[in-house]
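Notes for the one structure printed next.
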Amino acid sequence: MPTAIDVRHGSTADWLRHITSLPGVPGHEHAAAPEIARVFGQFADRVTRDPIGNVYGWIDGTGETPRPRALLAAHMDRIGFLVKRIEKGGFLRVTSVGGFDPRTLPGKEVMVHSKPPMPALFGTKPPHLQARGESEKVVPLHELYLDTGRPEAEVRRRVPIGTMVTLRQPPVDLLNGRIASPGMDDRAGVVVVIRTLELLRDRRPEWDVVGVATIEEEFGTVFLGARTATERVDPRLGIAIDVSHGDMLGAREADTIPLGGGPGLTVGSNVHPRVFEGLRATARSLKIPYHVEAYPASSGTDAMDIQIAREGIPTAVLGIPCRYMHSGVETVEPRDVDACARLLAGYVAGLASDWSVTEVLK
Amino acid sequence: MSANGARGAAPAFREDFLESLSNAAGVSGDEHRVREIVAAAVRDRVDTLEVDAMGSLVARIGVEGAGVRNGNARTNGSARKGRLPHVMLCAHMDEVGFMITAIEKEGRLRFRRAGGIDPRVLVGQVFRVGGAGVRGVTGILPPHLVSHTEEDKVIAADDLYIDIGASSREDAMRHVAIGDTAVFDTTYEAWGSVRKGKAFDDRAGCAVLASLVQERPPVPVTAVWSVQEEVGLRGATAAARRVAPDLAIVLEGTASGETPGAGPEESAPRMGGGPTLTVHDRSLMADARLVDLLRRTAAERRIPTQWKRPGIGGTDAGRIALSGAGVPSAVVSVPCRYIHAPAAYLDVRDARRTVELVWHALRAIGKEWSES
């Protein structure tokens with residue numbers, strides 16, 4: 001029977017502001033990993049990092065060894081850009097790592113992560129200088145450029161090709177505690193893992209629990225970090241925590257869950273029904289509101305690769321409602337993050353040592 | 001000391017003015033926060049300081065008849081032979097921005113633009129709404145939910161909304177009212193000689209003008225920080241009638257042209273290339289004698305200057321020039337990248353040189369200008 005665990009209120013917003021502000025695009029998670037490892041270390045018994053860059057926070061369970069392990073995965077990479085070319089005048093062209101709608105970029109400020117970093121912005125042409133009809137055309141990413149304002153020679157000296165670029169938008173406090181920030185996808189999930197570790201430190205489960213901040217969820221055809229982390233940890237179940245589309249104008253109700261409405265629990269081929277049922281029972285028992293999200297084929301999360309690692313892992317997906325995903329103003333409500341952490345902690349704290357989904361039928 | 005001191009050195013450009021002016025919100029028709037900053041910056045340096053009927057700030061230094069309400073400085077002055085010309089310096093306080101036009105029942109804010117803003121720079125941005133500066137964002141559907149037929153379409157400003165996080169209309173109305181103005185939430189910054197901020201059109205001019213009047217100019221000057229330039233050059237139209245100057249110089253933050261691949265025609269003026277002079281734009285044929293005086297002054301002082309692309313844009317000078325019986329007028333601009341967008345750049349050396357150029361041009365006007 002899950003036990004209600006109280007999250008200390010008042011700091012989830014601070015965690016969100018802090019963790020979403022760390023850079024770290026796919027392949028450049030080293031920019032965030034040391035700080036995430038440090039924070040994991042505040043709550044976990046052990047913190048480790050593997051050779052490809054995943055960061056693990058381990059909570060030792062109370063059961064007899066060898067204990068089963070629960071893997072809680074949130075990806076620490078956030079979408080961004082890499083410098084691909086420097087042009088006359090010192091203007092930079094970039095390639096995206098992760099899916100942006102280029103319509104959200106003109107005029108946005110960015111940080112070019114040279115040493116030391118230099119601020120820049122996506123240049124735009126003022127209306128005074130535009131040809132008639134120009135403002136009716138979408139500018140694709142390959143026609144957008146970054147301007148640091150600095151002399152070309154300095155830019156060429158300080159910005160190697162491949163340098164990471166991130167949207168430079170400080171977290172914005174909105175009404176009702178909501179926070180808009182680039183990188184909510186999926187640093188909000190990392191904060192869920194942090195808060196879950198914090199809860200479990202004081203309420204030990206029988207199982208070992210391994211929170212992992214994974215790499216490269218937003219890039220490529222394989223969720224590399226989730227796959228390799230699962231191979232390494234050998235969990236008996238795995239749960240991916242990621243953002244889900246929040247309710248917003250123009251989106252169908254079927255595609256979204258409401259901000260402030262609690263976690264989204266995914267059903268579909270990517271989720272094991274018993275893990276889903278266990279999470280739902282915990283939510284009901286703890287009186288945590290939730291919404292069910294139906295994804296028959298692909299959840300588009302780390303659970304895709306957790307599920308097919310090793311000999312197959314029972315998985316679930318926990319969704320944090322988030323508006324305007326993949327823009328500079330990804331918006332999340334901290335109480336949803338708290339609700340996710342309470343649900344996860346309550347669920348894993350209630351897992352018995354002999355829990356298993358594999359069956360021997362004969 | 002004489003009314004109009006003949007000390008040689010130009011006053012320094014006050015970057016602190018630029019910073020506070022850039023950060024302040026002042027959409028056309030709602031310029032009072034900017035006006036308060038300018039007034040505090042110049043109050044102790046000017047002979048008179050007034051707010052006119054439209055909201056423009058008018059400061060006189062060494063102008064005969066100054067302080068006499070509705071006094072006609074031109075007539076008073078012209079009665080004396082050999083008098084110094086009375087110069088109006090003007091920069092506009094307003095910035096392009098937004099006004100809240102509706103609060104929908106789900107708490108979303110609809111807005112209309114004041115001034116020319118490309119709708120493409122409005123997506124995924126952060127805004128400060130109303131006097132309290134409530135933060136709001138303009139999000140759009142995530143790419144995951146956008147159909148291929150939609151992704152190539154520019155989102156019209158009317159289809160965007162500002163999300164302040166409100167849960168309902170009632171929730172939103174505790175913080176925002178219809179008619180509140182909104183601005184881009186951009187913070188002033190400096191690196192190298194670059195200065196980044198919003199509203200450099202025309203807070204750059206406002207800061208140059210506030211810097212100029214820190215010293216007593218060599219000729220009688222009426223400094224006007226005008227309202228409503230971005231919605232039709234309106235504030236200066238009225239202010240010029242009140243000031244009735246002999247000459248006018250308008251101080252602007254103008255669009256620089258350099259972009260990747262721009263040819264020599266498009267890429268002028270450029271940021272860092274010095275104060276920018278206007279031959280003509282859509283509103284004004286600059287007074288050729290005044291432009292020549294500015295050009296010669298720059299050459300003598302070894303101040304680099306450049307030319308604005310002719311026929312583009314318009315400024316308060318267009319209205320001042322046709323005020324009353326006509327006022328010979330010119331424009332000196334600080335070239336800025338990305339005006340009318342969330343964040344602009346300027347080169348602080350251009351701003352310093354603009355103060356220097358205008359100051360020495362005032363001296364030259366005092367020496368050589370005649371109305372013959």
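Scheme for the structure tokens: letters A, B, ... for chains in order shown; per-chain residue numbers from 1; ligand numbers from 1 in order shown.
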For chain A against chain B, which residues fall within 8 Å using only C-alpha atoms, given as JSON, numbers by chain? {"A": [87, 88, 89, 91, 99, 100, 101, 103, 104, 105, 106, 107, 108, 109, 123, 124, 125, 126, 127, 128, 129, 135, 136, 137, 138, 145, 149, 150, 172, 173, 174, 175, 176, 177, 178, 180, 248, 249, 250, 251, 323, 324, 325, 326, 327, 328, 329, 330]}
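Residues of stretch 232-285 of chain A carrying a DSSP assignment of helix (DSSP H, G or I), computed from the backbone, are A:Arg232, A:Val233, A:Glu253, A:Ala254, A:Asp255, A:Pro273, A:Arg274, A:Val275, A:Phe276, A:Glu277, A:Gly278, A:Leu279, A:Arg280, A:Ala281, A:Thr282, A:Ala283, A:Arg284, A:Ser285.
Around A:Arg69, within 6 Å and counting only C-alpha atoms, the residues found are Trp207, Asp208, Val209, Pro235 and Arg236 of chain A, once anything fewer than 3 positions away on its own chain is removed.
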Just C-alpha atoms for this one: save the residues we selected as a PDB file, in the first residue's frame.
ATOM      1  CA  TRP A 207      13.839  -1.746  -4.084  1.00  0.00           C
ATOM      2  CA  ASP A 208      16.913   0.130  -5.111  1.00  0.00           C
ATOM      3  CA  VAL A 209      15.888   3.183  -7.071  1.00  0.00           C
ATOM      4  CA  PRO A 235      16.356  -2.604 -13.804  1.00  0.00           C
ATOM      5  CA  ARG A 236      13.277  -4.678 -13.169  1.00  0.00           C
TER       6      ARG A 236
END
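Residue nearest A:Ile86, chosen from A:Gly260, A:Gly189, A:Pro119, A:Gly162 and counting only C-alpha atoms: A:Gly162.
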So that I can check the surroundings of B:Gly366, please list as a compact mmCIF listing (two decimals) with C-alpha atoms, in the first residue's frame every protein, DNA and RNA residue that reaches within 8 Å of it, counting only C-alpha atoms and ignoring chain neighbours fewer than 6 positions away.
# COMPACT_ATOMS: atom_id res chain seq x y z
CA LEU B 84 22.08 83.40 -32.21
CA PRO B 85 19.74 80.98 -33.96
CA PRO B 218 26.69 77.22 -27.43
CA VAL B 219 23.41 78.42 -28.96
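The shortest atom-to-atom distance to A:Leu146, with only C-alpha atoms taken into account, belongs to A:Arg85 out of A:Lys115, A:Arg284, A:Arg85, A:Arg187.
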For A:Gly80, list every protein, DNA or RNA residue within 7 Å, evaluated using only C-alpha atoms, and leave out those in the same chain fewer than 6 positions away; present the list as a list in words.
Val25, Ser96, Val97, Gly98, Val165, Thr166 and Leu167 of chain A
Exercise for review: Write out as a ChimeraX atom specification the residues lying within 9 Å of stretch 5-20 of chain B, counting only C-alpha atoms and excluding same-chain residues fewer than 3 positions away.
Suggested key: /B:1-2,23-24,34,37-38,41,187-189,195,197,200,203-208,210-219,348,351-360,363
Residues from the last selection, N, CA and C atoms, saved as a compact mmCIF listing (two decimals), in the first residue's frame:
# COMPACT_ATOMS: atom_id res chain seq x y z
N MET B 1 28.89 84.32 -16.04
CA MET B 1 28.96 83.45 -17.20
C MET B 1 27.85 83.80 -18.18
N SER B 2 28.16 83.77 -19.44
CA SER B 2 27.15 84.07 -20.44
C SER B 2 26.10 82.98 -20.47
N ASN B 23 15.41 50.18 -20.88
CA ASN B 23 14.66 49.23 -20.07
C ASN B 23 13.24 49.69 -19.76
N ALA B 24 13.00 51.00 -19.83
CA ALA B 24 11.67 51.53 -19.49
C ALA B 24 10.67 51.22 -20.60
N VAL B 34 9.11 56.94 -19.56
CA VAL B 34 10.31 57.45 -20.22
C VAL B 34 10.49 58.92 -19.89
N ILE B 37 12.04 59.57 -16.56
CA ILE B 37 13.49 59.31 -16.53
C ILE B 37 14.25 60.48 -17.16
N VAL B 38 13.76 60.96 -18.31
CA VAL B 38 14.43 62.08 -18.97
C VAL B 38 14.36 63.32 -18.08
N ALA B 41 16.80 63.31 -15.45
CA ALA B 41 18.18 63.40 -15.96
C ALA B 41 18.56 64.84 -16.33
N THR B 187 16.31 43.09 -21.60
CA THR B 187 17.15 43.77 -20.62
C THR B 187 18.42 44.28 -21.29
N TYR B 188 18.74 45.53 -21.00
CA TYR B 188 19.93 46.18 -21.55
C TYR B 188 21.19 45.43 -21.12
N GLU B 189 22.12 45.31 -22.06
CA GLU B 189 23.40 44.65 -21.77
C GLU B 189 24.51 45.30 -22.57
N ARG B 195 26.10 47.54 -27.44
CA ARG B 195 25.07 47.69 -26.41
C ARG B 195 23.80 47.05 -26.95
N GLY B 197 19.68 46.19 -26.34
CA GLY B 197 18.50 46.56 -25.58
C GLY B 197 17.31 46.72 -26.50
N PHE B 200 15.90 50.97 -28.91
CA PHE B 200 16.97 51.93 -29.25
C PHE B 200 16.46 52.96 -30.25
N ARG B 203 15.30 55.49 -28.07
CA ARG B 203 15.93 55.81 -26.78
C ARG B 203 17.40 56.17 -26.97
N ALA B 204 18.01 55.68 -28.08
CA ALA B 204 19.37 56.11 -28.38
C ALA B 204 19.39 57.63 -28.56
N GLY B 205 18.44 58.14 -29.36
CA GLY B 205 18.34 59.59 -29.56
C GLY B 205 18.00 60.32 -28.27
N CYS B 206 17.09 59.73 -27.48
CA CYS B 206 16.73 60.36 -26.19
C CYS B 206 17.95 60.48 -25.29
N ALA B 207 18.78 59.44 -25.26
CA ALA B 207 19.96 59.47 -24.40
C ALA B 207 21.00 60.45 -24.92
N VAL B 208 21.16 60.50 -26.26
CA VAL B 208 22.09 61.47 -26.85
C VAL B 208 21.65 62.89 -26.49
N ALA B 210 19.66 63.88 -23.96
CA ALA B 210 19.80 64.14 -22.52
C ALA B 210 21.27 64.35 -22.16
N SER B 211 22.17 63.69 -22.88
CA SER B 211 23.61 63.89 -22.64
C SER B 211 24.04 65.29 -23.09
N LEU B 212 23.53 65.70 -24.26
CA LEU B 212 23.92 67.01 -24.83
C LEU B 212 23.59 68.16 -23.89
N VAL B 213 22.44 68.09 -23.23
CA VAL B 213 22.02 69.23 -22.41
C VAL B 213 22.63 69.18 -21.00
N GLN B 214 23.53 68.24 -20.76
CA GLN B 214 24.22 68.26 -19.47
C GLN B 214 25.16 69.46 -19.37
N GLU B 215 25.59 69.98 -20.54
CA GLU B 215 26.36 71.23 -20.58
C GLU B 215 25.49 72.28 -21.26
N ARG B 216 25.77 73.56 -20.96
CA ARG B 216 25.00 74.60 -21.64
C ARG B 216 25.45 74.69 -23.09
N PRO B 217 24.54 74.49 -24.02
CA PRO B 217 24.91 74.49 -25.44
C PRO B 217 25.37 75.87 -25.89
N PRO B 218 26.16 75.94 -26.95
CA PRO B 218 26.69 77.22 -27.43
C PRO B 218 25.67 78.09 -28.14
N VAL B 219 24.49 77.62 -28.39
CA VAL B 219 23.41 78.42 -28.96
C VAL B 219 22.15 78.15 -28.15
N VAL B 348 28.43 51.75 -28.95
CA VAL B 348 28.42 52.92 -28.06
C VAL B 348 29.34 54.02 -28.59
N ALA B 351 27.27 56.34 -30.55
CA ALA B 351 26.48 57.26 -29.72
C ALA B 351 27.37 58.40 -29.19
N ARG B 352 28.57 58.04 -28.77
CA ARG B 352 29.50 59.09 -28.28
C ARG B 352 29.81 60.09 -29.39
N ARG B 353 30.07 59.57 -30.58
CA ARG B 353 30.41 60.46 -31.70
C ARG B 353 29.22 61.31 -32.13
N THR B 354 28.02 60.78 -31.92
CA THR B 354 26.83 61.56 -32.27
C THR B 354 26.69 62.76 -31.33
N VAL B 355 26.94 62.55 -30.04
CA VAL B 355 26.94 63.68 -29.10
C VAL B 355 27.98 64.71 -29.51
N GLU B 356 29.17 64.22 -29.83
CA GLU B 356 30.27 65.10 -30.19
C GLU B 356 29.95 65.90 -31.46
N LEU B 357 29.41 65.19 -32.46
CA LEU B 357 29.11 65.85 -33.73
C LEU B 357 28.04 66.93 -33.55
N VAL B 358 26.98 66.59 -32.84
CA VAL B 358 25.89 67.56 -32.70
C VAL B 358 26.36 68.76 -31.88
N TRP B 359 27.13 68.50 -30.86
CA TRP B 359 27.65 69.60 -30.03
C TRP B 359 28.47 70.58 -30.86
N HIS B 360 29.38 70.04 -31.65
CA HIS B 360 30.23 70.93 -32.45
C HIS B 360 29.44 71.55 -33.60
N ARG B 363 27.97 74.62 -32.21
CA ARG B 363 28.96 75.71 -32.19
C ARG B 363 29.09 76.34 -33.58
Hey, what's within 9 Å of B:Thr222 if we count only C-alpha atoms and toss same-chain stuff fewer than 6 positions away? As a VMD selection string, please?
chain B and resid 58 to 63 86 to 90 243 245
I need the chosen residues saved as a short mmCIF file (atom, residue, chain, number, x, y, z; two decimals), in the first residue's frame, with C-alpha atoms.
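Saved as selection24.cif:
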data_model
loop_
_atom_site.label_atom_id
_atom_site.label_comp_id
_atom_site.auth_asym_id
_atom_site.auth_seq_id
_atom_site.Cartn_x
_atom_site.Cartn_y
_atom_site.Cartn_z
CA VAL B 58 10.13 70.46 -23.65
CA ALA B 59 13.31 71.91 -22.09
CA ARG B 60 14.76 75.30 -22.90
CA ILE B 61 18.32 76.44 -22.37
CA GLY B 62 19.36 80.01 -23.11
CA VAL B 63 16.25 80.70 -25.14
CA HIS B 86 17.37 79.02 -31.79
CA VAL B 87 17.82 75.30 -32.44
CA MET B 88 15.27 72.63 -31.69
CA LEU B 89 16.79 69.22 -30.91
CA CYS B 90 14.27 66.43 -30.91
CA VAL B 243 8.88 75.82 -29.90
CA PRO B 245 12.70 77.19 -33.75
#
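Taking only C-alpha atoms into account, A:Val112 lies nearest to A:Pro23 out of the set A:Pro23, A:Gly312, A:Pro205, A:Pro140.
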